[in-house]
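Peer 1: Sharing structure-v2.cif (mmCIF, N, CA and C atoms) below.
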```cif
data_structure
#
loop_
_atom_site.label_atom_id
_atom_site.label_comp_id
_atom_site.auth_asym_id
_atom_site.auth_seq_id
_atom_site.Cartn_x
_atom_site.Cartn_y
_atom_site.Cartn_z
N MET A 207 7.67 -14.08 26.23
CA MET A 207 6.73 -15.03 26.79
C MET A 207 5.34 -14.75 26.19
N SER A 208 4.66 -15.81 25.82
CA SER A 208 3.36 -15.64 25.17
C SER A 208 2.29 -15.18 26.16
N GLU A 209 1.27 -14.63 25.59
CA GLU A 209 0.13 -14.18 26.39
C GLU A 209 -0.55 -15.37 27.09
N VAL A 210 -0.59 -16.50 26.41
CA VAL A 210 -1.24 -17.69 26.97
C VAL A 210 -0.55 -18.14 28.25
N ILE A 211 0.76 -18.21 28.21
CA ILE A 211 1.48 -18.67 29.40
C ILE A 211 1.40 -17.63 30.52
N GLN A 212 1.38 -16.36 30.16
CA GLN A 212 1.20 -15.31 31.17
C GLN A 212 -0.16 -15.45 31.85
N GLU A 213 -1.19 -15.75 31.06
CA GLU A 213 -2.52 -15.94 31.63
C GLU A 213 -2.56 -17.15 32.56
N ARG A 214 -1.88 -18.22 32.16
CA ARG A 214 -1.83 -19.41 33.00
C ARG A 214 -1.16 -19.10 34.35
N LEU A 215 -0.04 -18.40 34.28
CA LEU A 215 0.68 -18.04 35.51
C LEU A 215 -0.18 -17.16 36.41
N GLU A 216 -0.85 -16.19 35.82
CA GLU A 216 -1.69 -15.28 36.61
C GLU A 216 -2.86 -16.02 37.25
N GLU A 217 -3.44 -16.96 36.51
CA GLU A 217 -4.55 -17.74 37.06
C GLU A 217 -4.10 -18.55 38.28
N ILE A 218 -2.94 -19.16 38.19
CA ILE A 218 -2.41 -19.94 39.30
C ILE A 218 -2.01 -19.03 40.45
N ARG A 219 -1.41 -17.89 40.14
CA ARG A 219 -1.01 -16.92 41.17
C ARG A 219 -2.25 -16.48 41.96
N GLN A 220 -3.33 -16.15 41.26
CA GLN A 220 -4.55 -15.71 41.92
C GLN A 220 -5.17 -16.83 42.75
N LYS A 221 -5.13 -18.04 42.22
CA LYS A 221 -5.68 -19.19 42.95
C LYS A 221 -4.96 -19.35 44.29
N PHE A 222 -3.63 -19.32 44.26
CA PHE A 222 -2.85 -19.49 45.49
C PHE A 222 -3.02 -18.30 46.42
N ALA A 223 -3.16 -17.11 45.88
CA ALA A 223 -3.36 -15.92 46.72
C ALA A 223 -4.70 -15.97 47.44
N GLY A 224 -5.66 -16.68 46.86
CA GLY A 224 -6.99 -16.78 47.45
C GLY A 224 -7.12 -17.83 48.53
N PHE A 225 -6.10 -18.64 48.73
CA PHE A 225 -6.18 -19.66 49.77
C PHE A 225 -6.13 -19.00 51.15
N THR A 226 -7.17 -19.20 51.94
CA THR A 226 -7.23 -18.61 53.27
C THR A 226 -6.85 -19.61 54.36
N ASP A 227 -7.06 -20.87 54.09
CA ASP A 227 -6.74 -21.94 55.03
C ASP A 227 -5.54 -22.69 54.46
N PRO A 228 -4.55 -23.02 55.28
CA PRO A 228 -3.39 -23.76 54.77
C PRO A 228 -3.77 -25.07 54.07
N ASP A 229 -4.88 -25.66 54.47
CA ASP A 229 -5.31 -26.91 53.83
C ASP A 229 -5.86 -26.69 52.42
N ASP A 230 -6.19 -25.44 52.06
CA ASP A 230 -6.74 -25.17 50.73
C ASP A 230 -5.78 -25.59 49.62
N LYS A 231 -4.48 -25.37 49.85
CA LYS A 231 -3.48 -25.74 48.84
C LYS A 231 -3.49 -27.24 48.60
N TRP A 232 -3.57 -28.00 49.70
CA TRP A 232 -3.54 -29.46 49.57
C TRP A 232 -4.82 -29.96 48.90
N LYS A 233 -5.94 -29.37 49.24
CA LYS A 233 -7.21 -29.76 48.60
C LYS A 233 -7.14 -29.48 47.10
N PHE A 234 -6.58 -28.32 46.73
CA PHE A 234 -6.44 -27.95 45.33
C PHE A 234 -5.56 -28.97 44.60
N LEU A 235 -4.43 -29.34 45.20
CA LEU A 235 -3.53 -30.31 44.57
C LEU A 235 -4.19 -31.69 44.44
N LEU A 236 -4.95 -32.07 45.46
CA LEU A 236 -5.67 -33.35 45.39
C LEU A 236 -6.73 -33.32 44.29
N ASP A 237 -7.43 -32.20 44.15
CA ASP A 237 -8.42 -32.07 43.08
C ASP A 237 -7.75 -32.15 41.71
N LEU A 238 -6.60 -31.48 41.57
CA LEU A 238 -5.85 -31.56 40.30
C LEU A 238 -5.45 -33.00 40.00
N ALA A 239 -4.98 -33.70 41.03
CA ALA A 239 -4.55 -35.08 40.86
C ALA A 239 -5.69 -35.97 40.39
N LYS A 240 -6.84 -35.81 41.01
CA LYS A 240 -7.99 -36.64 40.66
C LYS A 240 -8.52 -36.32 39.27
N ALA A 241 -8.42 -35.06 38.85
CA ALA A 241 -8.93 -34.65 37.54
C ALA A 241 -7.93 -34.93 36.41
N HIS A 242 -6.67 -35.15 36.75
CA HIS A 242 -5.64 -35.36 35.72
C HIS A 242 -5.91 -36.66 34.97
N PRO A 243 -5.88 -36.61 33.63
CA PRO A 243 -6.21 -37.80 32.85
C PRO A 243 -5.18 -38.93 32.90
N GLY A 244 -4.00 -38.65 33.40
CA GLY A 244 -2.99 -39.70 33.46
C GLY A 244 -2.42 -39.98 32.09
N MET A 245 -1.91 -41.18 31.90
CA MET A 245 -1.31 -41.55 30.63
C MET A 245 -1.43 -43.05 30.41
N ASP A 246 -1.30 -43.43 29.16
CA ASP A 246 -1.38 -44.82 28.80
C ASP A 246 -0.20 -45.58 29.42
N ALA A 247 -0.48 -46.74 29.96
CA ALA A 247 0.56 -47.53 30.62
C ALA A 247 1.72 -47.86 29.68
N SER A 248 1.46 -47.94 28.39
CA SER A 248 2.52 -48.28 27.43
C SER A 248 3.61 -47.20 27.35
N LEU A 249 3.29 -45.99 27.81
CA LEU A 249 4.26 -44.89 27.78
C LEU A 249 5.18 -44.90 29.00
N LYS A 250 4.82 -45.66 30.00
CA LYS A 250 5.57 -45.66 31.26
C LYS A 250 6.86 -46.48 31.13
N ALA A 251 7.85 -45.85 30.53
CA ALA A 251 9.15 -46.49 30.33
C ALA A 251 10.16 -45.88 31.30
N GLU A 252 11.15 -46.67 31.65
CA GLU A 252 12.16 -46.24 32.61
C GLU A 252 12.84 -44.94 32.19
N LYS A 253 13.04 -44.75 30.90
CA LYS A 253 13.74 -43.54 30.43
C LYS A 253 12.94 -42.26 30.69
N PHE A 254 11.67 -42.39 31.01
CA PHE A 254 10.83 -41.23 31.28
C PHE A 254 10.58 -40.98 32.77
N ILE A 255 11.24 -41.74 33.63
CA ILE A 255 11.08 -41.56 35.08
C ILE A 255 11.84 -40.31 35.52
N ILE A 256 11.18 -39.51 36.33
CA ILE A 256 11.81 -38.30 36.88
C ILE A 256 12.73 -38.74 38.03
N GLN A 257 14.02 -38.50 37.85
CA GLN A 257 15.00 -38.84 38.87
C GLN A 257 14.90 -37.85 40.03
N GLY A 258 15.00 -38.34 41.25
CA GLY A 258 14.95 -37.46 42.42
C GLY A 258 13.56 -37.32 43.00
N CYS A 259 12.59 -37.99 42.43
CA CYS A 259 11.22 -37.93 42.91
C CYS A 259 11.00 -39.13 43.83
N ALA A 260 10.40 -38.91 44.99
CA ALA A 260 10.18 -40.00 45.95
C ALA A 260 9.23 -41.05 45.37
N SER A 261 8.23 -40.62 44.63
CA SER A 261 7.34 -41.56 43.97
C SER A 261 7.83 -41.74 42.54
N THR A 262 7.37 -42.78 41.90
CA THR A 262 7.76 -43.02 40.51
C THR A 262 6.87 -42.16 39.63
N MET A 263 7.46 -41.11 39.06
CA MET A 263 6.73 -40.19 38.20
C MET A 263 7.31 -40.28 36.78
N TYR A 264 6.41 -40.31 35.81
CA TYR A 264 6.80 -40.37 34.42
C TYR A 264 6.44 -39.05 33.74
N LEU A 265 7.34 -38.60 32.88
CA LEU A 265 7.08 -37.41 32.07
C LEU A 265 7.53 -37.72 30.64
N VAL A 266 6.57 -37.77 29.74
CA VAL A 266 6.84 -38.11 28.35
C VAL A 266 6.56 -36.89 27.48
N PRO A 267 7.59 -36.38 26.77
CA PRO A 267 7.37 -35.23 25.90
C PRO A 267 7.08 -35.66 24.46
N ARG A 268 6.33 -34.83 23.77
CA ARG A 268 6.13 -35.02 22.33
C ARG A 268 6.13 -33.63 21.71
N PHE A 269 6.98 -33.44 20.73
CA PHE A 269 7.12 -32.14 20.08
C PHE A 269 6.42 -32.19 18.73
N ALA A 270 5.42 -31.32 18.55
CA ALA A 270 4.69 -31.26 17.28
C ALA A 270 4.14 -29.86 17.09
N ASP A 271 4.18 -29.40 15.87
CA ASP A 271 3.63 -28.08 15.52
C ASP A 271 4.23 -26.96 16.36
N GLY A 272 5.51 -27.10 16.71
CA GLY A 272 6.21 -26.05 17.44
C GLY A 272 5.91 -26.00 18.92
N LYS A 273 5.18 -27.00 19.44
CA LYS A 273 4.83 -27.01 20.87
C LYS A 273 5.18 -28.36 21.49
N ILE A 274 5.40 -28.32 22.80
CA ILE A 274 5.69 -29.57 23.52
C ILE A 274 4.43 -30.00 24.27
N HIS A 275 4.02 -31.22 23.99
CA HIS A 275 2.92 -31.81 24.74
C HIS A 275 3.53 -32.80 25.71
N PHE A 276 3.13 -32.73 26.97
CA PHE A 276 3.64 -33.63 28.00
C PHE A 276 2.54 -34.58 28.47
N GLU A 277 2.93 -35.83 28.62
CA GLU A 277 2.11 -36.82 29.31
C GLU A 277 2.79 -37.04 30.65
N MET A 278 2.04 -37.04 31.74
CA MET A 278 2.62 -37.21 33.06
C MET A 278 1.71 -38.09 33.90
N ASP A 279 2.32 -38.94 34.69
CA ASP A 279 1.56 -39.70 35.68
C ASP A 279 2.53 -40.25 36.71
N VAL A 280 1.99 -40.73 37.80
CA VAL A 280 2.78 -41.40 38.83
C VAL A 280 2.32 -42.85 38.89
N GLU A 281 3.21 -43.70 39.39
CA GLU A 281 2.83 -45.09 39.58
C GLU A 281 1.72 -45.12 40.60
N GLY A 282 0.64 -45.76 40.29
CA GLY A 282 -0.50 -45.78 41.20
C GLY A 282 -1.64 -44.90 40.70
N GLY A 283 -1.35 -44.00 39.75
CA GLY A 283 -2.40 -43.17 39.14
C GLY A 283 -3.22 -42.40 40.14
N THR A 284 -4.53 -42.63 40.14
CA THR A 284 -5.42 -41.85 41.00
C THR A 284 -5.54 -42.42 42.41
N THR A 285 -4.79 -43.48 42.71
CA THR A 285 -4.90 -44.05 44.04
C THR A 285 -3.82 -43.53 44.99
N ASN A 286 -2.60 -43.40 44.50
CA ASN A 286 -1.51 -43.00 45.38
C ASN A 286 -0.30 -42.69 44.51
N PRO A 287 0.52 -41.81 44.79
CA PRO A 287 0.50 -40.70 45.74
C PRO A 287 -0.14 -39.47 45.11
N LEU A 288 -1.25 -39.08 45.62
CA LEU A 288 -2.03 -38.00 45.00
C LEU A 288 -1.36 -36.63 45.05
N ILE A 289 -0.63 -36.33 46.11
CA ILE A 289 0.02 -35.01 46.17
C ILE A 289 1.06 -34.90 45.06
N SER A 290 1.85 -35.94 44.85
CA SER A 290 2.85 -35.92 43.78
C SER A 290 2.18 -35.77 42.41
N ARG A 291 1.10 -36.48 42.22
CA ARG A 291 0.37 -36.39 40.95
C ARG A 291 -0.22 -34.99 40.77
N GLY A 292 -0.71 -34.41 41.86
CA GLY A 292 -1.24 -33.05 41.80
C GLY A 292 -0.17 -32.03 41.49
N LEU A 293 1.02 -32.22 42.05
CA LEU A 293 2.14 -31.32 41.74
C LEU A 293 2.50 -31.40 40.26
N GLY A 294 2.53 -32.63 39.74
CA GLY A 294 2.79 -32.81 38.31
C GLY A 294 1.73 -32.16 37.44
N ALA A 295 0.48 -32.32 37.84
CA ALA A 295 -0.63 -31.72 37.09
C ALA A 295 -0.54 -30.20 37.13
N LEU A 296 -0.11 -29.64 38.25
CA LEU A 296 0.06 -28.19 38.36
C LEU A 296 1.14 -27.71 37.40
N ALA A 297 2.26 -28.42 37.34
CA ALA A 297 3.33 -28.05 36.40
C ALA A 297 2.81 -28.08 34.97
N LEU A 298 2.01 -29.08 34.64
CA LEU A 298 1.48 -29.17 33.28
C LEU A 298 0.48 -28.05 32.98
N LYS A 299 -0.22 -27.55 34.01
CA LYS A 299 -1.13 -26.41 33.80
C LYS A 299 -0.35 -25.21 33.28
N VAL A 300 0.92 -25.11 33.65
CA VAL A 300 1.76 -24.01 33.18
C VAL A 300 2.40 -24.34 31.83
N TYR A 301 3.05 -25.49 31.74
CA TYR A 301 3.96 -25.76 30.63
C TYR A 301 3.39 -26.57 29.47
N ASN A 302 2.31 -27.29 29.66
CA ASN A 302 1.83 -28.20 28.61
C ASN A 302 1.35 -27.46 27.37
N ASP A 303 1.71 -28.02 26.23
CA ASP A 303 1.29 -27.50 24.92
C ASP A 303 1.77 -26.07 24.68
N MET A 304 2.99 -25.78 25.13
CA MET A 304 3.59 -24.47 24.93
C MET A 304 4.83 -24.62 24.05
N ALA A 305 5.20 -23.53 23.39
CA ALA A 305 6.43 -23.50 22.61
C ALA A 305 7.62 -23.57 23.56
N PRO A 306 8.71 -24.21 23.15
CA PRO A 306 9.88 -24.28 24.02
C PRO A 306 10.34 -22.92 24.53
N ALA A 307 10.36 -21.91 23.67
CA ALA A 307 10.81 -20.57 24.08
C ALA A 307 9.91 -20.00 25.17
N ASP A 308 8.62 -20.29 25.11
CA ASP A 308 7.70 -19.81 26.15
C ASP A 308 8.00 -20.48 27.49
N ILE A 309 8.27 -21.78 27.45
CA ILE A 309 8.61 -22.51 28.67
C ILE A 309 9.88 -21.92 29.27
N LEU A 310 10.89 -21.72 28.42
CA LEU A 310 12.17 -21.20 28.89
C LEU A 310 12.07 -19.77 29.40
N GLY A 311 11.02 -19.06 29.00
CA GLY A 311 10.82 -17.68 29.44
C GLY A 311 10.20 -17.55 30.82
N VAL A 312 9.74 -18.66 31.39
CA VAL A 312 9.13 -18.64 32.72
C VAL A 312 10.22 -18.86 33.76
N ASP A 313 10.26 -18.02 34.76
CA ASP A 313 11.21 -18.19 35.86
C ASP A 313 10.69 -19.33 36.75
N PRO A 314 11.46 -20.42 36.89
CA PRO A 314 10.98 -21.53 37.71
C PRO A 314 10.76 -21.14 39.18
N ALA A 315 11.29 -20.01 39.60
CA ALA A 315 11.06 -19.53 40.97
C ALA A 315 9.60 -19.14 41.17
N PHE A 316 8.83 -19.08 40.09
CA PHE A 316 7.40 -18.75 40.17
C PHE A 316 6.70 -19.59 41.24
N PHE A 317 7.01 -20.88 41.27
CA PHE A 317 6.33 -21.79 42.19
C PHE A 317 6.67 -21.47 43.65
N GLN A 318 7.88 -21.03 43.91
CA GLN A 318 8.25 -20.61 45.26
C GLN A 318 7.56 -19.29 45.59
N GLN A 319 7.48 -18.41 44.62
CA GLN A 319 6.86 -17.10 44.84
C GLN A 319 5.39 -17.21 45.23
N ILE A 320 4.70 -18.23 44.72
CA ILE A 320 3.29 -18.39 45.08
C ILE A 320 3.12 -19.19 46.38
N GLY A 321 4.23 -19.68 46.94
CA GLY A 321 4.16 -20.40 48.21
C GLY A 321 3.93 -21.89 48.08
N LEU A 322 4.16 -22.43 46.89
CA LEU A 322 3.92 -23.86 46.70
C LEU A 322 4.80 -24.70 47.61
N ASN A 323 6.04 -24.28 47.80
CA ASN A 323 6.98 -25.08 48.57
C ASN A 323 6.72 -25.04 50.08
N VAL A 324 5.93 -24.09 50.55
CA VAL A 324 5.65 -23.98 51.98
C VAL A 324 4.82 -25.19 52.42
N GLY A 325 5.38 -25.95 53.35
CA GLY A 325 4.68 -27.12 53.87
C GLY A 325 4.95 -28.40 53.09
N LEU A 326 5.66 -28.31 51.97
CA LEU A 326 6.00 -29.53 51.23
C LEU A 326 7.14 -30.24 51.95
N SER A 327 7.08 -31.54 51.98
CA SER A 327 8.20 -32.29 52.56
C SER A 327 9.42 -32.08 51.66
N PRO A 328 10.62 -32.23 52.22
CA PRO A 328 11.82 -32.06 51.39
C PRO A 328 11.84 -33.00 50.18
N THR A 329 11.35 -34.24 50.35
CA THR A 329 11.37 -35.16 49.21
C THR A 329 10.39 -34.72 48.11
N ARG A 330 9.22 -34.21 48.50
CA ARG A 330 8.27 -33.73 47.48
C ARG A 330 8.80 -32.46 46.83
N SER A 331 9.39 -31.59 47.61
CA SER A 331 9.97 -30.36 47.08
C SER A 331 11.08 -30.67 46.09
N ASN A 332 11.95 -31.62 46.44
CA ASN A 332 13.03 -32.02 45.54
C ASN A 332 12.49 -32.69 44.29
N GLY A 333 11.46 -33.52 44.46
CA GLY A 333 10.85 -34.20 43.32
C GLY A 333 10.22 -33.21 42.36
N PHE A 334 9.54 -32.21 42.91
CA PHE A 334 8.92 -31.19 42.05
C PHE A 334 9.99 -30.40 41.32
N ALA A 335 11.07 -30.05 42.02
CA ALA A 335 12.18 -29.33 41.38
C ALA A 335 12.78 -30.18 40.26
N SER A 336 12.89 -31.49 40.47
CA SER A 336 13.41 -32.38 39.43
C SER A 336 12.48 -32.43 38.23
N LEU A 337 11.17 -32.44 38.48
CA LEU A 337 10.20 -32.43 37.39
C LEU A 337 10.34 -31.15 36.56
N VAL A 338 10.38 -30.01 37.22
CA VAL A 338 10.50 -28.73 36.51
C VAL A 338 11.82 -28.67 35.75
N LYS A 339 12.88 -29.16 36.36
CA LYS A 339 14.19 -29.19 35.69
C LYS A 339 14.11 -30.02 34.41
N GLN A 340 13.44 -31.17 34.48
CA GLN A 340 13.32 -32.03 33.30
C GLN A 340 12.49 -31.35 32.21
N ILE A 341 11.44 -30.64 32.59
CA ILE A 341 10.64 -29.90 31.62
C ILE A 341 11.51 -28.88 30.89
N TYR A 342 12.35 -28.17 31.65
CA TYR A 342 13.23 -27.17 31.05
C TYR A 342 14.29 -27.81 30.16
N LEU A 343 14.78 -28.99 30.54
CA LEU A 343 15.74 -29.69 29.69
C LEU A 343 15.11 -30.07 28.36
N TYR A 344 13.90 -30.61 28.41
CA TYR A 344 13.19 -30.93 27.17
C TYR A 344 12.97 -29.67 26.33
N ALA A 345 12.60 -28.58 26.99
CA ALA A 345 12.36 -27.32 26.27
C ALA A 345 13.64 -26.85 25.58
N ARG A 346 14.78 -26.95 26.26
CA ARG A 346 16.05 -26.53 25.63
C ARG A 346 16.36 -27.39 24.41
N VAL A 347 16.17 -28.69 24.53
CA VAL A 347 16.45 -29.60 23.42
C VAL A 347 15.53 -29.29 22.24
N PHE A 348 14.24 -29.19 22.50
CA PHE A 348 13.29 -28.94 21.42
C PHE A 348 13.45 -27.53 20.84
N ASP A 349 13.88 -26.58 21.67
CA ASP A 349 14.14 -25.23 21.18
C ASP A 349 15.31 -25.26 20.19
N ALA A 350 16.37 -25.96 20.56
CA ALA A 350 17.53 -26.07 19.66
C ALA A 350 17.16 -26.84 18.39
N PHE A 351 16.38 -27.91 18.56
CA PHE A 351 15.94 -28.70 17.43
C PHE A 351 15.09 -27.90 16.45
N SER A 352 14.22 -27.07 16.99
CA SER A 352 13.32 -26.30 16.12
C SER A 352 14.03 -25.18 15.37
N LYS A 353 15.22 -24.80 15.81
CA LYS A 353 15.98 -23.74 15.15
C LYS A 353 16.90 -24.26 14.06
N LYS A 354 16.97 -25.58 13.91
CA LYS A 354 17.83 -26.16 12.87
C LYS A 354 17.16 -26.11 11.52
#
```
Could you render the structure as structure tokens?

Peer 2:
Amino acid sequence: MSEVIQERLEEIRQKFAGFTDPDDKWKFLLDLAKAHPGMDASLKAEKFIIQGCASTMYLVPRFADGKIHFEMDVEGGTTNPLISRGLGALALKVYNDMAPADILGVDPAFFQQIGLNVGLSPTRSNGFASLVKQIYLYARVFDAFSKK
């Protein structure tokens, strides 16, 4: 696992460890959602919809220079549903612009270890798990592709 991804994980771990009020996590996710640049509407194709997500979330991968760049947004953008958009933005803080092998080297249980799932509704928890699963699927494909 690269030093960059380790630094990203540690930064998020420390951020979550510093939350003293249960509402701090939600405020953080809302801030991430509002700051997330979103994606061009032309990229929002059905084939990029994350299955199992209560809201319509899109994840578009692009592989270049040995790294995967992800575009992510939810239907409604910065208006609704902000928690789902914030969860997506948090995942991208870890995985975006990383080599497939680095992505595959991260234990997806990381998010449970920091307490992200505590207080999430079952549908949001399942949706986030589906998003992370899709990121790992793309990483496996691009990892195999890059070794050819």

Peer 1: If you take every atom of stretch 234-245 of chain A that the file lists and fit an axis-aligned box around them with 4 Å extra on each side, what centre and edge lengths come out in Å to one decimal, as JSON?

Peer 2:
```
{"center_x": -5.1, "center_y": -35.5, "center_z": 38.6, "size_x": 15.6, "size_y": 23.1, "size_z": 24.3}
```

Peer 1: What lies within 7 Å of A:Gly294 using only N, CA and C atoms, ignoring chain neighbours under 4 positions off, as a PyMOL selection string?

Peer 2: chain A and resi 278+289-290+298-299+334

Peer 1: As a ChimeraX atom specification, please: all residues of chain A that backbone DSSP puts in strand (DSSP E).

Peer 2: /A:263-270,273-280

Peer 1: Any idea what the distance is between atom C of A:Asp230 and atom N of A:Val338?

Peer 2: 20.8 Å

Peer 1: Please return, as a ChimeraX atom specification, all residues of stretch 235-349 of chain A that DSSP assigns to helix (DSSP H, G or I) on the basis of the backbone.

Peer 2: /A:235-241,247-249,252-254,288-301,306-310,316-319,328-349

Peer 1: Excluding A:Phe276 and its own-chain neighbours fewer than 5 positions away, which residues fall within 6.5 Å of it when counting only N, CA and C atoms? Please give them as a list in words.

Peer 2: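 Those residues are Leu265, Val266, Pro267, Arg268, Asn302 and Asp303 of chain A.
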
Peer 1: A:Gly224, A:Pro306, A:Gly258, A:Gly244: which is nearest A:Phe348, counting all atoms listed in the file?

Peer 2: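 Under the stated criterion, the closest residue is A:Pro306.
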
Peer 1: Please measure the separation of atom N of A:Asp308 and atom N of A:Glu213, giving the value in Å to one decimal.

Peer 2: 12.3 Å

Peer 1: Report as a list of chain:residue names the full result of the PyMOL selection byres (((chain A and resi 314 and name CA) around 12) and name CA) when it is applied to this structure.

Peer 2: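 Given this file, the PyMOL selection byres (((chain A and resi 314 and name CA) around 12) and name CA) evaluates to A:Leu215, A:Ala297, A:Val300, A:Tyr301, A:Ile309, A:Leu310, A:Gly311, A:Val312, A:Asp313, A:Ala315, A:Phe316, A:Phe317, A:Gln318, A:Gln319, A:Ile320, A:Leu322, A:Phe334, A:Ala335, A:Ser336, A:Leu337, A:Val338, A:Lys339, A:Gln340, A:Ile341, A:Tyr342.
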
Peer 1: Quick one: write out the picked residues with N, CA and C atoms as a PDB file, keeping the file's coordinate frame?

Peer 2:
```
ATOM      1  N   LEU A 215      -0.040 -18.400  34.280  1.00  0.00           N
ATOM      2  CA  LEU A 215       0.680 -18.040  35.510  1.00  0.00           C
ATOM      3  C   LEU A 215      -0.180 -17.160  36.410  1.00  0.00           C
ATOM      4  N   ALA A 297       2.260 -28.420  37.340  1.00  0.00           N
ATOM      5  CA  ALA A 297       3.330 -28.050  36.400  1.00  0.00           C
ATOM      6  C   ALA A 297       2.810 -28.080  34.970  1.00  0.00           C
ATOM      7  N   VAL A 300       0.920 -25.110  33.650  1.00  0.00           N
ATOM      8  CA  VAL A 300       1.760 -24.010  33.180  1.00  0.00           C
ATOM      9  C   VAL A 300       2.400 -24.340  31.830  1.00  0.00           C
ATOM     10  N   TYR A 301       3.050 -25.490  31.740  1.00  0.00           N
ATOM     11  CA  TYR A 301       3.960 -25.760  30.630  1.00  0.00           C
ATOM     12  C   TYR A 301       3.390 -26.570  29.470  1.00  0.00           C
ATOM     13  N   ILE A 309       8.270 -21.780  27.450  1.00  0.00           N
ATOM     14  CA  ILE A 309       8.610 -22.510  28.670  1.00  0.00           C
ATOM     15  C   ILE A 309       9.880 -21.920  29.270  1.00  0.00           C
ATOM     16  N   LEU A 310      10.890 -21.720  28.420  1.00  0.00           N
ATOM     17  CA  LEU A 310      12.170 -21.200  28.890  1.00  0.00           C
ATOM     18  C   LEU A 310      12.070 -19.770  29.400  1.00  0.00           C
ATOM     19  N   GLY A 311      11.020 -19.060  29.000  1.00  0.00           N
ATOM     20  CA  GLY A 311      10.820 -17.680  29.440  1.00  0.00           C
ATOM     21  C   GLY A 311      10.200 -17.550  30.820  1.00  0.00           C
ATOM     22  N   VAL A 312       9.740 -18.660  31.390  1.00  0.00           N
ATOM     23  CA  VAL A 312       9.130 -18.640  32.720  1.00  0.00           C
ATOM     24  C   VAL A 312      10.220 -18.860  33.760  1.00  0.00           C
ATOM     25  N   ASP A 313      10.260 -18.020  34.760  1.00  0.00           N
ATOM     26  CA  ASP A 313      11.210 -18.190  35.860  1.00  0.00           C
ATOM     27  C   ASP A 313      10.690 -19.330  36.750  1.00  0.00           C
ATOM     28  N   ALA A 315      11.290 -20.010  39.600  1.00  0.00           N
ATOM     29  CA  ALA A 315      11.060 -19.530  40.970  1.00  0.00           C
ATOM     30  C   ALA A 315       9.600 -19.140  41.170  1.00  0.00           C
ATOM     31  N   PHE A 316       8.830 -19.080  40.090  1.00  0.00           N
ATOM     32  CA  PHE A 316       7.400 -18.750  40.170  1.00  0.00           C
ATOM     33  C   PHE A 316       6.700 -19.590  41.240  1.00  0.00           C
ATOM     34  N   PHE A 317       7.010 -20.880  41.270  1.00  0.00           N
ATOM     35  CA  PHE A 317       6.330 -21.790  42.190  1.00  0.00           C
ATOM     36  C   PHE A 317       6.670 -21.470  43.650  1.00  0.00           C
ATOM     37  N   GLN A 318       7.880 -21.030  43.910  1.00  0.00           N
ATOM     38  CA  GLN A 318       8.250 -20.610  45.260  1.00  0.00           C
ATOM     39  C   GLN A 318       7.560 -19.290  45.590  1.00  0.00           C
ATOM     40  N   GLN A 319       7.480 -18.410  44.620  1.00  0.00           N
ATOM     41  CA  GLN A 319       6.860 -17.100  44.840  1.00  0.00           C
ATOM     42  C   GLN A 319       5.390 -17.210  45.230  1.00  0.00           C
ATOM     43  N   ILE A 320       4.700 -18.230  44.720  1.00  0.00           N
ATOM     44  CA  ILE A 320       3.290 -18.390  45.080  1.00  0.00           C
ATOM     45  C   ILE A 320       3.120 -19.190  46.380  1.00  0.00           C
ATOM     46  N   LEU A 322       4.160 -22.430  46.890  1.00  0.00           N
ATOM     47  CA  LEU A 322       3.920 -23.860  46.700  1.00  0.00           C
ATOM     48  C   LEU A 322       4.800 -24.700  47.610  1.00  0.00           C
ATOM     49  N   PHE A 334       9.540 -32.210  42.910  1.00  0.00           N
ATOM     50  CA  PHE A 334       8.920 -31.190  42.050  1.00  0.00           C
ATOM     51  C   PHE A 334       9.990 -30.400  41.320  1.00  0.00           C
ATOM     52  N   ALA A 335      11.070 -30.050  42.020  1.00  0.00           N
ATOM     53  CA  ALA A 335      12.180 -29.330  41.380  1.00  0.00           C
ATOM     54  C   ALA A 335      12.780 -30.180  40.260  1.00  0.00           C
ATOM     55  N   SER A 336      12.890 -31.490  40.470  1.00  0.00           N
ATOM     56  CA  SER A 336      13.410 -32.380  39.430  1.00  0.00           C
ATOM     57  C   SER A 336      12.480 -32.430  38.230  1.00  0.00           C
ATOM     58  N   LEU A 337      11.170 -32.440  38.480  1.00  0.00           N
ATOM     59  CA  LEU A 337      10.200 -32.430  37.390  1.00  0.00           C
ATOM     60  C   LEU A 337      10.340 -31.150  36.560  1.00  0.00           C
ATOM     61  N   VAL A 338      10.380 -30.010  37.220  1.00  0.00           N
ATOM     62  CA  VAL A 338      10.500 -28.730  36.510  1.00  0.00           C
ATOM     63  C   VAL A 338      11.820 -28.670  35.750  1.00  0.00           C
ATOM     64  N   LYS A 339      12.880 -29.160  36.360  1.00  0.00           N
ATOM     65  CA  LYS A 339      14.190 -29.190  35.690  1.00  0.00           C
ATOM     66  C   LYS A 339      14.110 -30.020  34.410  1.00  0.00           C
ATOM     67  N   GLN A 340      13.440 -31.170  34.480  1.00  0.00           N
ATOM     68  CA  GLN A 340      13.320 -32.030  33.300  1.00  0.00           C
ATOM     69  C   GLN A 340      12.490 -31.350  32.210  1.00  0.00           C
ATOM     70  N   ILE A 341      11.440 -30.640  32.590  1.00  0.00           N
ATOM     71  CA  ILE A 341      10.640 -29.900  31.620  1.00  0.00           C
ATOM     72  C   ILE A 341      11.510 -28.880  30.890  1.00  0.00           C
ATOM     73  N   TYR A 342      12.350 -28.170  31.650  1.00  0.00           N
ATOM     74  CA  TYR A 342      13.230 -27.170  31.050  1.00  0.00           C
ATOM     75  C   TYR A 342      14.290 -27.810  30.160  1.00  0.00           C
TER      76      TYR A 342
END
```

Peer 1: In Å, how far is it from atom CA of A:Ile274 to atom CA of A:Leu326?

Peer 2: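 These two atoms are separated by 27.7 Å.
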
Peer 1: Determine the nearest neighbour of A:Gln257 from the options A:Gly272, A:Pro287, A:Gly333, A:Pro328, counting only C-alpha atoms.

Peer 2: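 The closest residue to A:Gln257 is A:Gly333.
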
Peer 1: Return the single residue from A:Ile218, A:Ala307, A:Ala260, A:Ala223 that is closest to A:Arg346, with distances computed using only C-alpha atoms.

Peer 2: A:Ala307
